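Since the structure comes first, as structure tokens, the remarks are kept for the end.
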Amino acid sequence: PDSVTTIGPRAFFFCSELKTADLGDAVTVVGDETFAGCRELKTVTLPDTLAAIGEQAFHYCQSLTEIAIPAKTTRIESGAFSGCESLTEIAIPEGVLSLKGDTFRNCFKLAKVTLPTSVKTVSEGAFSGCEELKNVYYGGSAREKSKIDVAKENGELSSAQWHYAVEEEAQTVVKKDTEEEFVMPPWMKTALYIGVLVVAIVVFILMFRNTSED
């Protein structure tokens, strides 16, 4: 019912026949191991009010292929989706600051991950075993991504192709040419011409005088 705001720890722990779950419109917290071991769970509807997903909340939900994490969710605890072998893609909402250890460990078919700029830390083994992870869509730039603290056992995340929502402008340094082309004004050309002519006349006169004296 919509009056429920918290799904307690292990509420549906290893309910092996559970296939769908609709958490209503008021739930804010999914507790630790709430759906852990629900191997047949294929569809989960999370409410817009959800703020936190507990440790191993969906651990070993082998049949879960997709799940939409609401925009108001800011906490995803350790191992929340570990062992979800059929999960193919996941989008982390803006506001989540860190992905705890083992969050998506052994999600073998996870191929696409969307990360917001709010994520600053990816803890140890968060994406370990995600063999099919090929594309990561990041809400910021390559420079912002480089500031994310990624712990060990996350090689699959690091080796994936990253796509950036913000393309950085290439920093091109343009060197200004400070040397201006010198253009000789007409009067200077005339003066130079006259000077050359005078020198030529003087040289001619001197040569003529020397010839006459000989």
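In the structure tokens, the first chain shown is A, the next is B, and so on; residue numbers restart at 1 for each chain, and ligands run from 1 in the order shown.
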- Message: Just want the 12 Å neighbourhood of Glu124 in chain A, counted on only C-alpha atoms, with same-chain residues fewer than 3 positions away dropped. Output as an MDAnalysis selection string.
- Response: chainID A and resid 78:79 98:105 121 127:129 149:155 157
Go ahead and dump the residues you just picked, N, CA and C atoms, as a PDB file, in the first residue's frame.
```pdb
ATOM      1  N   SER A  78      26.596  -0.799  -0.625  1.00  0.00           N
ATOM      2  CA  SER A  78      27.477  -1.862  -1.108  1.00  0.00           C
ATOM      3  C   SER A  78      26.712  -3.085  -1.614  1.00  0.00           C
ATOM      4  N   GLY A  79      27.120  -3.569  -2.760  1.00  0.00           N
ATOM      5  CA  GLY A  79      26.552  -4.802  -3.297  1.00  0.00           C
ATOM      6  C   GLY A  79      25.080  -4.738  -3.639  1.00  0.00           C
ATOM      7  N   SER A  98      28.739   8.462  -4.460  1.00  0.00           N
ATOM      8  CA  SER A  98      29.701   7.364  -4.569  1.00  0.00           C
ATOM      9  C   SER A  98      28.998   6.051  -4.893  1.00  0.00           C
ATOM     10  N   LEU A  99      29.746   5.190  -5.562  1.00  0.00           N
ATOM     11  CA  LEU A  99      29.291   3.829  -5.812  1.00  0.00           C
ATOM     12  C   LEU A  99      30.122   2.945  -4.890  1.00  0.00           C
ATOM     13  N   LYS A 100      29.462   2.330  -3.942  1.00  0.00           N
ATOM     14  CA  LYS A 100      30.145   1.570  -2.903  1.00  0.00           C
ATOM     15  C   LYS A 100      30.720   0.256  -3.452  1.00  0.00           C
ATOM     16  N   GLY A 101      31.513  -0.400  -2.633  1.00  0.00           N
ATOM     17  CA  GLY A 101      32.143  -1.642  -3.039  1.00  0.00           C
ATOM     18  C   GLY A 101      31.147  -2.701  -3.486  1.00  0.00           C
ATOM     19  N   ASP A 102      31.480  -3.365  -4.590  1.00  0.00           N
ATOM     20  CA  ASP A 102      30.691  -4.494  -5.111  1.00  0.00           C
ATOM     21  C   ASP A 102      29.287  -4.123  -5.594  1.00  0.00           C
ATOM     22  N   THR A 103      29.030  -2.857  -5.810  1.00  0.00           N
ATOM     23  CA  THR A 103      27.677  -2.438  -6.202  1.00  0.00           C
ATOM     24  C   THR A 103      27.137  -3.241  -7.378  1.00  0.00           C
ATOM     25  N   PHE A 104      27.939  -3.420  -8.404  1.00  0.00           N
ATOM     26  CA  PHE A 104      27.502  -4.160  -9.592  1.00  0.00           C
ATOM     27  C   PHE A 104      28.416  -5.362  -9.872  1.00  0.00           C
ATOM     28  N   ARG A 105      29.034  -5.859  -8.849  1.00  0.00           N
ATOM     29  CA  ARG A 105      29.946  -6.997  -9.042  1.00  0.00           C
ATOM     30  C   ARG A 105      29.218  -8.186  -9.683  1.00  0.00           C
ATOM     31  N   THR A 121      33.406   9.038  -6.283  1.00  0.00           N
ATOM     32  CA  THR A 121      34.153   7.863  -5.844  1.00  0.00           C
ATOM     33  C   THR A 121      33.509   6.583  -6.362  1.00  0.00           C
ATOM     34  N   PHE A 127      32.501  -2.550 -10.133  1.00  0.00           N
ATOM     35  CA  PHE A 127      32.156  -3.080 -11.454  1.00  0.00           C
ATOM     36  C   PHE A 127      32.968  -4.335 -11.791  1.00  0.00           C
ATOM     37  N   SER A 128      33.500  -4.973 -10.786  1.00  0.00           N
ATOM     38  CA  SER A 128      34.284  -6.188 -11.012  1.00  0.00           C
ATOM     39  C   SER A 128      33.419  -7.297 -11.615  1.00  0.00           C
ATOM     40  N   GLY A 129      33.940  -7.931 -12.645  1.00  0.00           N
ATOM     41  CA  GLY A 129      33.206  -9.019 -13.278  1.00  0.00           C
ATOM     42  C   GLY A 129      32.191  -8.583 -14.315  1.00  0.00           C
ATOM     43  N   ASP A 149      37.656   9.314  -8.224  1.00  0.00           N
ATOM     44  CA  ASP A 149      38.549   8.388  -7.534  1.00  0.00           C
ATOM     45  C   ASP A 149      38.044   6.959  -7.745  1.00  0.00           C
ATOM     46  N   VAL A 150      38.707   6.243  -8.633  1.00  0.00           N
ATOM     47  CA  VAL A 150      38.306   4.874  -8.961  1.00  0.00           C
ATOM     48  C   VAL A 150      39.261   3.899  -8.273  1.00  0.00           C
ATOM     49  N   ALA A 151      38.725   3.079  -7.365  1.00  0.00           N
ATOM     50  CA  ALA A 151      39.547   2.121  -6.620  1.00  0.00           C
ATOM     51  C   ALA A 151      39.873   0.904  -7.486  1.00  0.00           C
ATOM     52  N   LYS A 152      40.683   0.003  -6.934  1.00  0.00           N
ATOM     53  CA  LYS A 152      41.090  -1.183  -7.672  1.00  0.00           C
ATOM     54  C   LYS A 152      39.913  -2.123  -7.924  1.00  0.00           C
ATOM     55  N   GLU A 153      40.150  -3.103  -8.776  1.00  0.00           N
ATOM     56  CA  GLU A 153      39.138  -4.066  -9.208  1.00  0.00           C
ATOM     57  C   GLU A 153      37.984  -3.401  -9.948  1.00  0.00           C
ATOM     58  N   ASN A 154      38.319  -2.412 -10.746  1.00  0.00           N
ATOM     59  CA  ASN A 154      37.322  -1.754 -11.592  1.00  0.00           C
ATOM     60  C   ASN A 154      37.863  -1.590 -13.006  1.00  0.00           C
ATOM     61  N   GLY A 155      38.673  -2.567 -13.419  1.00  0.00           N
ATOM     62  CA  GLY A 155      39.271  -2.496 -14.745  1.00  0.00           C
ATOM     63  C   GLY A 155      38.254  -2.457 -15.864  1.00  0.00           C
ATOM     64  N   LEU A 157      35.423  -0.956 -15.883  1.00  0.00           N
ATOM     65  CA  LEU A 157      34.935   0.420 -16.019  1.00  0.00           C
ATOM     66  C   LEU A 157      35.973   1.282 -16.734  1.00  0.00           C
TER      67      LEU A 157
END
```
- Query: In chain A, what's helix (DSSP H, G or I) per DSSP? Answer as a VMD selection string?
  - Reply: chain A and resid 142 to 145 155 to 159 186 to 213
Go through range 69-139 of chain A residue by residue and, counting only C-alpha atoms, keep those with an atom at most 12 Å from range 54-65 of chain A; for each kept residue give the shortest atom pair and its distance in Å to one decimal, ordered by chain and increasing number, as a Markdown table.
```
| residue | atom | partner | partner_atom | distance |
| --- | --- | --- | --- | --- |
| A:Thr73 | CA | A:Gly54 | CA | 11.3 |
| A:Thr74 | CA | A:Gly54 | CA | 11.3 |
| A:Arg75 | CA | A:Gly54 | CA | 8.0 |
| A:Ile76 | CA | A:Gly54 | CA | 6.4 |
| A:Glu77 | CA | A:Glu55 | CA | 4.7 |
| A:Ser78 | CA | A:Glu55 | CA | 4.9 |
| A:Gly79 | CA | A:Gln56 | CA | 4.6 |
| A:Ala80 | CA | A:Gln56 | CA | 3.9 |
| A:Phe81 | CA | A:Phe58 | CA | 5.0 |
| A:Ser82 | CA | A:His59 | CA | 5.0 |
| A:Gly83 | CA | A:Tyr60 | CA | 4.4 |
| A:Cys84 | CA | A:Gln62 | CA | 4.7 |
| A:Glu85 | CA | A:Gln62 | CA | 5.0 |
| A:Ser86 | CA | A:Thr65 | CA | 4.9 |
| A:Leu87 | CA | A:Thr65 | CA | 4.0 |
| A:Thr88 | CA | A:Thr65 | CA | 5.9 |
| A:Glu89 | CA | A:Thr65 | CA | 7.9 |
| A:Ile90 | CA | A:Thr65 | CA | 9.7 |
| A:Leu99 | CA | A:Glu55 | CA | 11.5 |
| A:Lys100 | CA | A:Glu55 | CA | 9.3 |
| A:Gly101 | CA | A:Glu55 | CA | 9.9 |
| A:Asp102 | CA | A:Gln56 | CA | 9.0 |
| A:Thr103 | CA | A:Gln56 | CA | 7.9 |
| A:Phe104 | CA | A:His59 | CA | 9.1 |
| A:Arg105 | CA | A:His59 | CA | 9.6 |
| A:Asn106 | CA | A:Tyr60 | CA | 9.4 |
| A:Cys107 | CA | A:Gln62 | CA | 8.9 |
| A:Phe108 | CA | A:Gln62 | CA | 10.2 |
| A:Lys109 | CA | A:Thr65 | CA | 8.9 |
| A:Leu110 | CA | A:Thr65 | CA | 9.1 |
| A:Ala111 | CA | A:Thr65 | CA | 11.3 |
```
- Query: Which distance in Å separates CA of Ser141 in chain A and CA of Ser118 in chain A, to one decimal?
  - Reply: 12.4 Å
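Residues in contact range of Gln161 in chain A, defined as at most 8 Å between only C-alpha atoms, with sequence neighbours fewer than 2 positions away removed, read Lys134, Asn135, Val136, Ser159 and His163 of chain A.
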Include C-alpha atoms and write out the residues we just selected as a tab-separated table (two decimals), in the first residue's frame.
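The resulting file, part-v1.tsv, is reproduced below:
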```
chain	number	residue	atom	x	y	z
A	134	LYS	CA	31.49	-1.52	-23.29
A	135	ASN	CA	30.00	1.97	-22.96
A	136	VAL	CA	29.92	4.51	-20.15
A	159	SER	CA	38.64	0.00	-20.17
A	163	HIS	CA	31.13	9.14	-23.95
```
- Task: Provide the CA of Asp25 in chain A to CA of Phe13 in chain A distance in Å, to one decimal place.
- Result: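 CA of Phe13 in chain A lies 21.7 Å from CA of Asp25 in chain A.
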- Task: Per DSSP on the backbone, filter range 3-143 of chain A down to the residues in strand (DSSP E or B) and report them as a VMD selection string.
- Result: chain A and resid 6 to 7 20 to 22 29 to 30 43 to 45 52 to 53 75 to 76 89 to 91 98 to 99 112 to 115 121 to 122 135 to 138
- Kindly indicate which residue among A:Asp22, A:Glu17, A:Glu33, A:Glu132 lies nearest to Lys112 in chain A, using only C-alpha atoms for the distances.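 The closest residue to Lys112 in chain A is A:Glu132.
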- Item | Ile92 in chain A surroundings by only C-alpha atoms, 7 Å radius, close-in-sequence under 5 positions cut, as number ranges by chain | A: 69, 114-116
Could you please take those selected residues and save N, CA and C atoms as a PDB file, in the first residue's frame?
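Output contents, as saved in out-v3.pdb:
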```
ATOM      1  N   ILE A  69      16.330   3.562 -11.608  1.00  0.00           N
ATOM      2  CA  ILE A  69      16.573   4.163 -10.300  1.00  0.00           C
ATOM      3  C   ILE A  69      16.039   5.595 -10.334  1.00  0.00           C
ATOM      4  N   THR A 114      25.312   4.691 -17.201  1.00  0.00           N
ATOM      5  CA  THR A 114      25.227   6.150 -17.267  1.00  0.00           C
ATOM      6  C   THR A 114      25.589   6.715 -15.899  1.00  0.00           C
ATOM      7  N   LEU A 115      26.598   7.573 -15.874  1.00  0.00           N
ATOM      8  CA  LEU A 115      27.070   8.152 -14.617  1.00  0.00           C
ATOM      9  C   LEU A 115      26.907   9.665 -14.621  1.00  0.00           C
ATOM     10  N   PRO A 116      26.467  10.235 -13.504  1.00  0.00           N
ATOM     11  CA  PRO A 116      26.338  11.691 -13.395  1.00  0.00           C
ATOM     12  C   PRO A 116      27.638  12.322 -12.893  1.00  0.00           C
TER      13      PRO A 116
END
```
